[in-house]
>>> print(open('data.pdb').read())   # PDB, C-alpha atoms
ATOM      1  CA  MET A   1       0.000   0.000   0.000
ATOM      2  CA  SER A   2       1.203   3.531  -0.731
ATOM      3  CA  GLY A   3      -0.114   6.999  -1.565
ATOM      4  CA  PHE A   4      -0.713   9.857   0.859
ATOM      5  CA  VAL A   5       0.303   9.438   4.476
ATOM      6  CA  GLU A   6      -2.137  12.252   5.259
ATOM      7  CA  LYS A   7      -4.194  13.414   2.280
ATOM      8  CA  PRO A   8      -4.905  17.139   2.603
ATOM      9  CA  GLU A   9      -8.360  18.588   2.280
ATOM     10  CA  PRO A  10      -8.626  20.882  -0.759
ATOM     11  CA  VAL A  11      -8.747  24.609  -0.084
ATOM     12  CA  GLU A  12     -12.130  26.065  -1.017
ATOM     13  CA  VAL A  13     -11.930  29.287  -3.042
ATOM     14  CA  PRO A  14     -15.009  31.123  -4.387
ATOM     15  CA  GLY A  15     -15.193  30.810  -8.170
ATOM     16  CA  LEU A  16     -12.877  27.795  -8.326
ATOM     17  CA  VAL A  17     -13.881  24.139  -8.595
ATOM     18  CA  HIS A  18     -11.409  21.639  -7.152
ATOM     19  CA  LEU A  19     -10.562  18.932  -9.698
ATOM     20  CA  HIS A  20      -7.690  16.898  -8.320
ATOM     21  CA  THR A  21      -5.132  16.593  -5.539
ATOM     22  CA  GLY A  22      -1.868  15.193  -6.903
ATOM     23  CA  LYS A  23       1.401  14.297  -5.254
ATOM     24  CA  VAL A  24       2.570  17.896  -5.379
ATOM     25  CA  ARG A  25      -0.045  19.978  -7.227
ATOM     26  CA  ASP A  26      -3.687  20.806  -6.654
ATOM     27  CA  LEU A  27      -5.803  21.472  -9.734
ATOM     28  CA  TYR A  28      -8.847  23.739  -9.938
ATOM     29  CA  ARG A  29     -10.989  25.113 -12.756
ATOM     30  CA  ASN A  30     -12.010  28.763 -12.836
ATOM     31  CA  GLU A  31     -15.215  30.231 -14.211
ATOM     32  CA  ALA A  32     -13.559  30.870 -17.600
ATOM     33  CA  GLY A  33     -12.797  27.165 -17.932
ATOM     34  CA  ASP A  34      -9.051  27.587 -17.415
ATOM     35  CA  LEU A  35      -7.002  25.363 -15.123
ATOM     36  CA  VAL A  36      -5.582  26.797 -11.926
ATOM     37  CA  MET A  37      -2.494  24.823 -10.885
ATOM     38  CA  VAL A  38      -1.166  25.291  -7.361
ATOM     39  CA  ALA A  39       2.198  23.756  -6.428
ATOM     40  CA  SER A  40       2.263  22.714  -2.780
ATOM     41  CA  ASP A  41       5.297  22.098  -0.573
ATOM     42  CA  ARG A  42       4.510  18.368  -0.422
ATOM     43  CA  ILE A  43       7.263  15.892  -1.245
ATOM     44  CA  SER A  44       7.023  12.257  -2.301
ATOM     45  CA  ALA A  45       9.447   9.356  -2.077
ATOM     46  CA  TYR A  46       9.123   5.630  -2.721
ATOM     47  CA  ASP A  47       5.529   6.116  -3.954
ATOM     48  CA  TRP A  48       4.469   7.846  -0.719
ATOM     49  CA  VAL A  49       3.511  11.491  -0.292
ATOM     50  CA  LEU A  50       5.250  12.238   2.982
ATOM     51  CA  PRO A  51       3.644  13.894   6.012
ATOM     52  CA  THR A  52       6.395  16.565   6.195
ATOM     53  CA  GLU A  53       6.529  19.484   3.767
ATOM     54  CA  ILE A  54       9.623  21.252   2.402
ATOM     55  CA  PRO A  55       9.208  25.041   2.851
ATOM     56  CA  ASP A  56       9.187  27.037  -0.422
ATOM     57  CA  LYS A  57       9.390  23.900  -2.574
ATOM     58  CA  GLY A  58       6.222  24.701  -4.516
ATOM     59  CA  ARG A  59       7.374  28.229  -5.250
ATOM     60  CA  VAL A  60      10.793  27.032  -6.400
ATOM     61  CA  LEU A  61       9.181  24.512  -8.765
ATOM     62  CA  THR A  62       6.787  27.114 -10.158
ATOM     63  CA  GLN A  63       9.359  29.867 -10.655
ATOM     64  CA  LEU A  64      11.906  27.490 -12.177
ATOM     65  CA  SER A  65       9.282  26.105 -14.569
ATOM     66  CA  LEU A  66       8.400  29.654 -15.653
ATOM     67  CA  TRP A  67      12.082  30.396 -16.304
ATOM     68  CA  TRP A  68      12.430  27.262 -18.416
ATOM     69  CA  PHE A  69       9.218  27.963 -20.346
ATOM     70  CA  ASP A  70      10.840  31.245 -21.402
ATOM     71  CA  GLN A  71      14.034  29.465 -22.523
ATOM     72  CA  LEU A  72      12.007  27.006 -24.623
ATOM     73  CA  ALA A  73       9.360  29.312 -26.089
ATOM     74  CA  ASP A  74      10.747  29.150 -29.620
ATOM     75  CA  LEU A  75      10.743  25.336 -29.602
ATOM     76  CA  VAL A  76       7.264  24.573 -28.322
ATOM     77  CA  PRO A  77       4.302  26.575 -26.942
ATOM     78  CA  ASN A  78       3.285  26.014 -23.328
ATOM     79  CA  HIS A  79       0.069  26.052 -21.354
ATOM     80  CA  VAL A  80       0.693  29.129 -19.151
ATOM     81  CA  LEU A  81      -1.831  31.949 -19.490
ATOM     82  CA  SER A  82      -1.127  33.999 -16.373
ATOM     83  CA  THR A  83       0.589  34.048 -13.005
ATOM     84  CA  GLU A  84      -2.017  36.396 -11.519
ATOM     85  CA  LEU A  85      -3.417  35.189  -8.218
ATOM     86  CA  PRO A  86      -7.142  34.334  -8.446
ATOM     87  CA  ALA A  87      -9.487  36.604  -6.489
ATOM     88  CA  ASP A  88     -10.035  35.436  -2.893
ATOM     89  CA  ALA A  89      -7.205  32.879  -3.142
ATOM     90  CA  PRO A  90      -5.111  32.377   0.012
ATOM     91  CA  ALA A  91      -2.052  34.613   0.290
ATOM     92  CA  ASP A  92       0.090  31.470   0.494
ATOM     93  CA  TRP A  93      -0.787  30.709  -3.159
ATOM     94  CA  ALA A  94       1.350  33.665  -4.318
ATOM     95  CA  GLY A  95       4.336  32.539  -6.377
ATOM     96  CA  ARG A  96       3.109  28.973  -6.637
ATOM     97  CA  THR A  97       0.011  29.399  -8.822
ATOM     98  CA  LEU A  98      -0.359  29.252 -12.611
ATOM     99  CA  ILE A  99      -3.452  29.899 -14.711
ATOM    100  CA  CYS A 100      -3.194  27.478 -17.623
ATOM    101  CA  LYS A 101      -4.956  26.435 -20.803
ATOM    102  CA  SER A 102      -7.151  23.385 -20.458
ATOM    103  CA  LEU A 103      -5.530  20.909 -22.846
ATOM    104  CA  ARG A 104      -6.345  17.454 -24.157
ATOM    105  CA  MET A 105      -3.560  15.734 -22.288
ATOM    106  CA  VAL A 106      -1.551  12.949 -23.906
ATOM    107  CA  PRO A 107      -1.492   9.953 -21.507
ATOM    108  CA  VAL A 108       2.266   9.441 -21.804
ATOM    109  CA  GLU A 109       5.224  10.518 -19.662
ATOM    110  CA  CYS A 110       7.736  11.743 -22.244
ATOM    111  CA  VAL A 111      11.152  10.887 -20.838
ATOM    112  CA  ALA A 112      14.475  11.916 -22.368
ATOM    113  CA  ARG A 113      17.700  10.331 -21.157
ATOM    114  CA  GLY A 114      21.198  11.542 -21.890
ATOM    115  CA  TYR A 115      22.875   9.490 -19.179
ATOM    116  CA  LEU A 116      22.345   5.968 -17.845
ATOM    117  CA  THR A 117      20.872   5.656 -14.363
ATOM    118  CA  GLY A 118      17.683   4.718 -12.512
ATOM    119  CA  SER A 119      15.245   2.312 -14.162
ATOM    120  CA  GLY A 120      17.172   2.678 -17.434
ATOM    121  CA  LEU A 121      20.293   1.296 -15.775
ATOM    122  CA  THR A 122      18.315  -1.619 -14.330
ATOM    123  CA  GLU A 123      17.026  -2.606 -17.763
ATOM    124  CA  TYR A 124      20.419  -2.072 -19.386
ATOM    125  CA  LEU A 125      22.135  -4.423 -16.949
ATOM    126  CA  GLU A 126      19.605  -7.116 -17.819
ATOM    127  CA  SER A 127      19.361  -6.746 -21.592
ATOM    128  CA  ARG A 128      21.672  -3.948 -22.845
ATOM    129  CA  THR A 129      18.534  -2.016 -23.797
ATOM    130  CA  VAL A 130      16.441   0.855 -22.405
ATOM    131  CA  CYS A 131      12.766   0.780 -23.382
ATOM    132  CA  GLY A 132      13.764  -1.715 -26.055
ATOM    133  CA  LEU A 133      16.441   0.582 -27.543
ATOM    134  CA  ALA A 134      19.790  -1.208 -27.940
ATOM    135  CA  LEU A 135      22.773   0.464 -26.268
ATOM    136  CA  PRO A 136      26.483  -0.352 -26.564
ATOM    137  CA  GLU A 137      28.393  -2.573 -24.167
ATOM    138  CA  GLY A 138      30.507  -1.123 -21.398
ATOM    139  CA  LEU A 139      28.160   1.507 -19.974
ATOM    140  CA  THR A 140      27.820   1.912 -16.233
ATOM    141  CA  ASP A 141      25.876   3.950 -13.689
ATOM    142  CA  GLY A 142      26.211   7.602 -14.738
ATOM    143  CA  SER A 143      27.628   6.969 -18.224
ATOM    144  CA  GLU A 144      26.784   9.487 -20.916
ATOM    145  CA  LEU A 145      24.833   7.878 -23.747
ATOM    146  CA  PRO A 146      26.080   8.108 -27.356
ATOM    147  CA  ALA A 147      23.035  10.311 -28.062
ATOM    148  CA  PRO A 148      19.921  11.275 -26.066
ATOM    149  CA  ILE A 149      17.087   8.751 -26.261
ATOM    150  CA  PHE A 150      13.299   8.991 -25.940
ATOM    151  CA  THR A 151      12.076   6.466 -23.356
ATOM    152  CA  PRO A 152       8.361   6.991 -22.703
ATOM    153  CA  ALA A 153       6.380   5.696 -19.754
ATOM    154  CA  THR A 154       2.746   5.212 -18.889
ATOM    155  CA  LYS A 155       1.312   7.698 -16.391
ATOM    156  CA  ALA A 156       0.455   6.154 -13.038
ATOM    157  CA  ALA A 157      -1.978   7.088 -10.282
ATOM    158  CA  VAL A 158      -0.723   8.390  -6.932
ATOM    159  CA  GLY A 159       1.007   5.501  -5.164
ATOM    160  CA  ASP A 160       1.744   3.537  -8.349
ATOM    161  CA  HIS A 161       4.872   3.334 -10.481
ATOM    162  CA  ASP A 162       5.085   4.807 -13.963
ATOM    163  CA  GLU A 163       6.005   1.954 -16.302
ATOM    164  CA  ASN A 164       8.463   2.222 -19.157
ATOM    165  CA  VAL A 165       6.974   1.318 -22.543
ATOM    166  CA  SER A 166       8.348   1.052 -26.070
ATOM    167  CA  TYR A 167       7.963   3.723 -28.719
ATOM    168  CA  GLU A 168       5.872   1.258 -30.689
ATOM    169  CA  GLU A 169       3.455   0.957 -27.775
ATOM    170  CA  VAL A 170       3.125   4.754 -27.612
ATOM    171  CA  ALA A 171       2.375   4.853 -31.336
ATOM    172  CA  ARG A 172      -0.258   2.179 -30.838
ATOM    173  CA  GLN A 173      -1.885   4.140 -28.010
ATOM    174  CA  VAL A 174      -1.841   7.683 -29.428
ATOM    175  CA  GLY A 175      -1.191   7.201 -33.145
ATOM    176  CA  ALA A 176       1.984   7.294 -35.221
ATOM    177  CA  GLU A 177       1.833  11.027 -35.978
ATOM    178  CA  THR A 178       1.396  12.067 -32.343
ATOM    179  CA  ALA A 179       4.092   9.626 -31.194
ATOM    180  CA  ALA A 180       6.529  11.150 -33.685
ATOM    181  CA  GLN A 181       5.657  14.670 -32.467
ATOM    182  CA  LEU A 182       6.210  13.646 -28.864
ATOM    183  CA  ARG A 183       9.604  12.109 -29.601
ATOM    184  CA  GLN A 184      10.808  15.031 -31.690
ATOM    185  CA  SER A 185       9.671  17.665 -29.182
ATOM    186  CA  THR A 186      11.005  15.756 -26.178
ATOM    187  CA  LEU A 187      14.483  15.336 -27.646
ATOM    188  CA  ALA A 188      14.621  18.929 -28.924
ATOM    189  CA  ILE A 189      13.676  20.318 -25.509
ATOM    190  CA  TYR A 190      16.102  18.006 -23.720
ATOM    191  CA  SER A 191      18.974  18.996 -26.002
ATOM    192  CA  ARG A 192      18.319  22.723 -25.482
ATOM    193  CA  ALA A 193      18.013  22.324 -21.713
ATOM    194  CA  ARG A 194      21.074  20.063 -21.475
ATOM    195  CA  ASP A 195      23.218  22.716 -23.162
ATOM    196  CA  ILE A 196      21.848  25.531 -20.982
ATOM    197  CA  ALA A 197      22.417  23.510 -17.807
ATOM    198  CA  ARG A 198      25.916  22.466 -18.907
ATOM    199  CA  ASP A 199      26.890  26.119 -19.309
ATOM    200  CA  ARG A 200      25.928  26.562 -15.646
ATOM    201  CA  GLY A 201      27.935  23.597 -14.378
ATOM    202  CA  ILE A 202      25.012  21.187 -14.152
ATOM    203  CA  ILE A 203      24.444  17.889 -15.969
ATOM    204  CA  LEU A 204      20.856  17.175 -16.991
ATOM    205  CA  ALA A 205      20.922  13.389 -16.794
ATOM    206  CA  ASP A 206      17.288  12.795 -17.671
ATOM    207  CA  THR A 207      13.922  14.504 -17.473
ATOM    208  CA  LYS A 208      10.251  13.952 -18.168
ATOM    209  CA  PHE A 209       7.697  16.147 -19.880
ATOM    210  CA  GLU A 210       3.941  16.154 -20.247
ATOM    211  CA  PHE A 211       2.191  17.379 -23.373
ATOM    212  CA  GLY A 212      -1.364  18.151 -24.374
ATOM    213  CA  PHE A 213      -3.172  19.461 -27.424
ATOM    214  CA  ASP A 214      -4.587  22.953 -27.713
ATOM    215  CA  GLY A 215      -6.772  22.359 -30.757
ATOM    216  CA  ASP A 216      -4.384  20.660 -33.167
ATOM    217  CA  GLY A 217      -1.229  22.160 -31.637
ATOM    218  CA  LEU A 218       1.027  20.320 -29.221
ATOM    219  CA  CYS A 219       1.708  22.222 -25.975
ATOM    220  CA  LEU A 220       4.155  21.663 -23.146
ATOM    221  CA  ALA A 221       2.271  21.336 -19.850
ATOM    222  CA  ASP A 222       2.634  20.767 -16.109
ATOM    223  CA  GLU A 223       6.068  21.524 -14.617
ATOM    224  CA  VAL A 224       9.221  21.487 -16.708
ATOM    225  CA  LEU A 225      12.882  20.803 -15.901
ATOM    226  CA  THR A 226      12.604  21.039 -12.129
ATOM    227  CA  PRO A 227      14.352  18.878  -9.515
ATOM    228  CA  ASP A 228      11.072  16.944  -9.184
ATOM    229  CA  SER A 229      10.911  16.032 -12.877
ATOM    230  CA  SER A 230      14.617  15.832 -13.710
ATOM    231  CA  ARG A 231      17.929  14.469 -12.509
ATOM    232  CA  PHE A 232      20.429  17.316 -12.167
ATOM    233  CA  TRP A 233      24.033  16.445 -11.246
ATOM    234  CA  PRO A 234      26.911  18.794 -10.413
ATOM    235  CA  ALA A 235      29.190  18.587 -13.450
ATOM    236  CA  ASP A 236      32.448  19.165 -11.580
ATOM    237  CA  ILE A 237      32.175  15.916  -9.595
ATOM    238  CA  TRP A 238      30.465  13.725 -12.190
ATOM    239  CA  GLU A 239      32.140  10.321 -12.194
ATOM    240  CA  PRO A 240      30.531   7.308 -13.920
ATOM    241  CA  GLY A 241      30.597   4.013 -12.078
ATOM    242  CA  HIS A 242      28.367   4.842  -9.125
ATOM    243  CA  ALA A 243      25.316   6.879  -8.142
ATOM    244  CA  GLN A 244      25.849  10.625  -8.593
ATOM    245  CA  PRO A 245      24.964  13.332  -6.057
ATOM    246  CA  SER A 246      21.932  15.225  -7.293
ATOM    247  CA  TYR A 247      19.838  18.352  -6.830
ATOM    248  CA  ASP A 248      16.659  16.680  -5.672
ATOM    249  CA  LYS A 249      15.215  14.672  -2.795
ATOM    250  CA  GLN A 250      18.334  12.582  -2.297
ATOM    251  CA  TYR A 251      18.553  13.557   1.379
ATOM    252  CA  VAL A 252      14.963  12.393   1.875
ATOM    253  CA  ARG A 253      15.519   9.033   0.175
ATOM    254  CA  ASP A 254      18.801   8.464   2.007
ATOM    255  CA  TRP A 255      17.286   9.196   5.405
ATOM    256  CA  LEU A 256      14.170   7.080   4.791
ATOM    257  CA  THR A 257      16.297   4.041   3.921
ATOM    258  CA  SER A 258      18.752   4.592   6.794
ATOM    259  CA  PRO A 259      18.502   2.949  10.237
ATOM    260  CA  ALA A 260      17.783   6.412  11.682
ATOM    261  CA  SER A 261      14.272   6.459  10.175
ATOM    262  CA  GLY A 262      13.283   3.057  11.543
ATOM    263  CA  TRP A 263      11.183   2.545   8.409
ATOM    264  CA  ASP A 264      11.100  -0.540   6.202
ATOM    265  CA  ARG A 265      10.094   0.532   2.684
ATOM    266  CA  ARG A 266       9.054  -3.074   1.913
ATOM    267  CA  SER A 267       6.453  -2.964   4.667
ATOM    268  CA  GLU A 268       2.944  -1.560   4.320
ATOM    269  CA  GLN A 269       3.602   0.989   7.040
ATOM    270  CA  PRO A 270       3.676   4.666   5.976
ATOM    271  CA  PRO A 271       6.994   6.487   6.291
ATOM    272  CA  PRO A 272       7.653   8.701   9.326
ATOM    273  CA  ALA A 273       7.927  12.476   9.526
ATOM    274  CA  LEU A 274      11.210  13.970   8.374
ATOM    275  CA  PRO A 275      13.624  15.520  10.888
ATOM    276  CA  ARG A 276      14.442  19.213  10.637
ATOM    277  CA  GLU A 277      17.985  18.687   9.324
ATOM    278  CA  VAL A 278      16.697  16.602   6.387
ATOM    279  CA  VAL A 279      14.026  19.210   5.608
ATOM    280  CA  ASP A 280      16.598  22.024   5.660
ATOM    281  CA  ALA A 281      19.126  20.133   3.524
ATOM    282  CA  THR A 282      16.470  19.215   0.965
ATOM    283  CA  ARG A 283      15.176  22.789   0.747
ATOM    284  CA  GLY A 284      18.751  23.916   0.251
ATOM    285  CA  LYS A 285      19.212  21.607  -2.746
ATOM    286  CA  TYR A 286      16.045  22.883  -4.453
ATOM    287  CA  VAL A 287      17.103  26.487  -3.910
ATOM    288  CA  GLU A 288      20.660  25.803  -5.092
ATOM    289  CA  ALA A 289      19.360  24.232  -8.310
ATOM    290  CA  TYR A 290      17.174  27.284  -8.941
ATOM    291  CA  GLU A 291      19.991  29.739  -8.295
ATOM    292  CA  ARG A 292      22.611  27.903 -10.376
ATOM    293  CA  LEU A 293      20.280  27.416 -13.345
ATOM    294  CA  THR A 294      18.686  30.859 -13.442
ATOM    295  CA  GLY A 295      21.681  32.863 -12.229
ATOM    296  CA  THR A 296      19.435  34.729  -9.789
ATOM    297  CA  SER A 297      19.228  34.674  -6.000
ATOM    298  CA  TRP A 298      16.249  33.026  -4.318
ATOM    299  CA  SER A 299      14.498  35.382  -1.930
TER     300      SER A 299
END
>>> encode(input="data.pdb", output="structure tokens")
Amino acid sequence: MSGFVEKPEPVEVPGLVHLHTGKVRDLYRNEAGDLVMVASDRISAYDWVLPTEIPDKGRVLTQLSLWWFDQLADLVPNHVLSTELPADAPADWAGRTLICKSLRMVPVECVARGYLTGSGLTEYLESRTVCGLALPEGLTDGSELPAPIFTPATKAAVGDHDENVSYEEVARQVGAETAAQLRQSTLAIYSRARDIARDRGIILADTKFEFGFDGDGLCLADEVLTPDSSRFWPADIWEPGHAQPSYDKQYVRDWLTSPASGWDRRSEQPPPALPREVVDATRGKYVEAYERLTGTSWS
């Protein structure tokens, strides 16, 4: 069993209809039919949404996504209409709220990988493939791939794993033309972002995107190129052959699997609350990623 340790009650705001509570974001619809996306400070690990929040996390994700949307605007349109706070919304929503187009979402997680790690490494060690794509011998944890690859996954409900699928399966599900658009856009965005991050001393190992259609046009949606949707590694200490330090929830995962937490992730028991030092260290990594990528100070 997994999911929310403590599922929050949605905030009621006049003029907004609550649609969904996700791992991190809450979705509403306004009277104009637009989506209102609010990024919380919730954090998830090992398929659980933890009971402890990371201060400012939702604002960092939102502001970093907005910065990336600007960097990518010439490659693909995005779903953002406004960052104006809805009338009567809580003050805490400031900086973490986006008004977005309501799209016909494509039910595929569009993953780009430039380096071998995670579930891709697991498959590679078994079959020398990732999502059915053959890779050369001799790669190890953290190796750079000969070229970036598109490795899609099915979208899972809260508490379930996304599952890697082949490109052929995506084409079967959404059609050959849409599958080709998804692959082309995903790899183009990854390549642009990889180069931008590299110039700032950060390796973009892999990332996932979500797309939807606005009429007949493909749009980039949800968050983009944040520590929650991407693996960012410090370039100056990158060393293939082992797990790399990263700008994400590494401190959370490490503590949860350490004797200090007293938690067995194989059990059906929910994980415990995070200690203050883990919360502070995790917040620091999110802020550091924002500052290094954007070149601006977090305030």
>>> closest_residue(input="data.pdb", among="A:Ala91, A:Leu19, A:Val279, A:Met105", to="Trp255 in chain A", atoms="only C-alpha atoms")
A:Val279
>>> closest_residue(input="data.pdb", among="A:Trp93, A:Phe232, A:Trp48, A:Trp68", to="Arg113 in chain A", atoms="all atoms listed in the file")
A:Phe232
>>> closest_atom_pairs(input="data.pdb", of="range 238-283 of chain A", to="range 115-131 of chain A", cutoff="10 Å", atoms="all atoms listed in the file", output="Markdown table")
| residue | atom | partner | partner_atom | distance |
| --- | --- | --- | --- | --- |
| A:Pro240 | CA | A:Leu116 | CA | 9.2 |
| A:His242 | CA | A:Thr117 | CA | 9.2 |
| A:Ala243 | CA | A:Thr117 | CA | 7.7 |
| A:Gln244 | CA | A:Thr117 | CA | 9.1 |
>>> residues_around(input="data.pdb", residues="Pro77 in chain A", least_positions_apart="4", cutoff="10 Å", atoms="all atoms listed in the file", output="PyMOL selection string")
chain A and resi 69-70+72-73+214+217-221
>>> resolve_selection(input="data.pdb", expression="the PyMOL selection byres ((chain A and resi 198) around 12)", output="count of residues only")
23
>>> resolve_selection(input="data.pdb", expression="the PyMOL selection byres ((chain A and resi 11-15) around 9)", output="list of chain:residue names")
A:Pro8, A:Glu9, A:Pro10, A:Leu16, A:Val17, A:His18, A:Arg29, A:Asn30, A:Glu31, A:Pro86, A:Ala87, A:Asp88, A:Ala89, A:Pro90
>>> write_last_selection(input="data.pdb", atoms="C-alpha atoms", output="PDB file, in the coordinates of the input")
ATOM      1  CA  PRO A   8      -4.905  17.139   2.603  1.00  0.00           C
ATOM      2  CA  GLU A   9      -8.360  18.588   2.280  1.00  0.00           C
ATOM      3  CA  PRO A  10      -8.626  20.882  -0.759  1.00  0.00           C
ATOM      4  CA  LEU A  16     -12.877  27.795  -8.326  1.00  0.00           C
ATOM      5  CA  VAL A  17     -13.881  24.139  -8.595  1.00  0.00           C
ATOM      6  CA  HIS A  18     -11.409  21.639  -7.152  1.00  0.00           C
ATOM      7  CA  ARG A  29     -10.989  25.113 -12.756  1.00  0.00           C
ATOM      8  CA  ASN A  30     -12.010  28.763 -12.836  1.00  0.00           C
ATOM      9  CA  GLU A  31     -15.215  30.231 -14.211  1.00  0.00           C
ATOM     10  CA  PRO A  86      -7.142  34.334  -8.446  1.00  0.00           C
ATOM     11  CA  ALA A  87      -9.487  36.604  -6.489  1.00  0.00           C
ATOM     12  CA  ASP A  88     -10.035  35.436  -2.893  1.00  0.00           C
ATOM     13  CA  ALA A  89      -7.205  32.879  -3.142  1.00  0.00           C
ATOM     14  CA  PRO A  90      -5.111  32.377   0.012  1.00  0.00           C
TER      15      PRO A  90
END
>>> atom_distance(input="data.pdb", atom1="CA of Phe4 in chain A", atom2="CA of Ser261 in chain A")
18.0 Å
>>> closest_residue(input="data.pdb", among="A:Ala188, A:Val111, A:Val174, A:Val5", to="Ala45 in chain A", atoms="all atoms listed in the file")
A:Val5
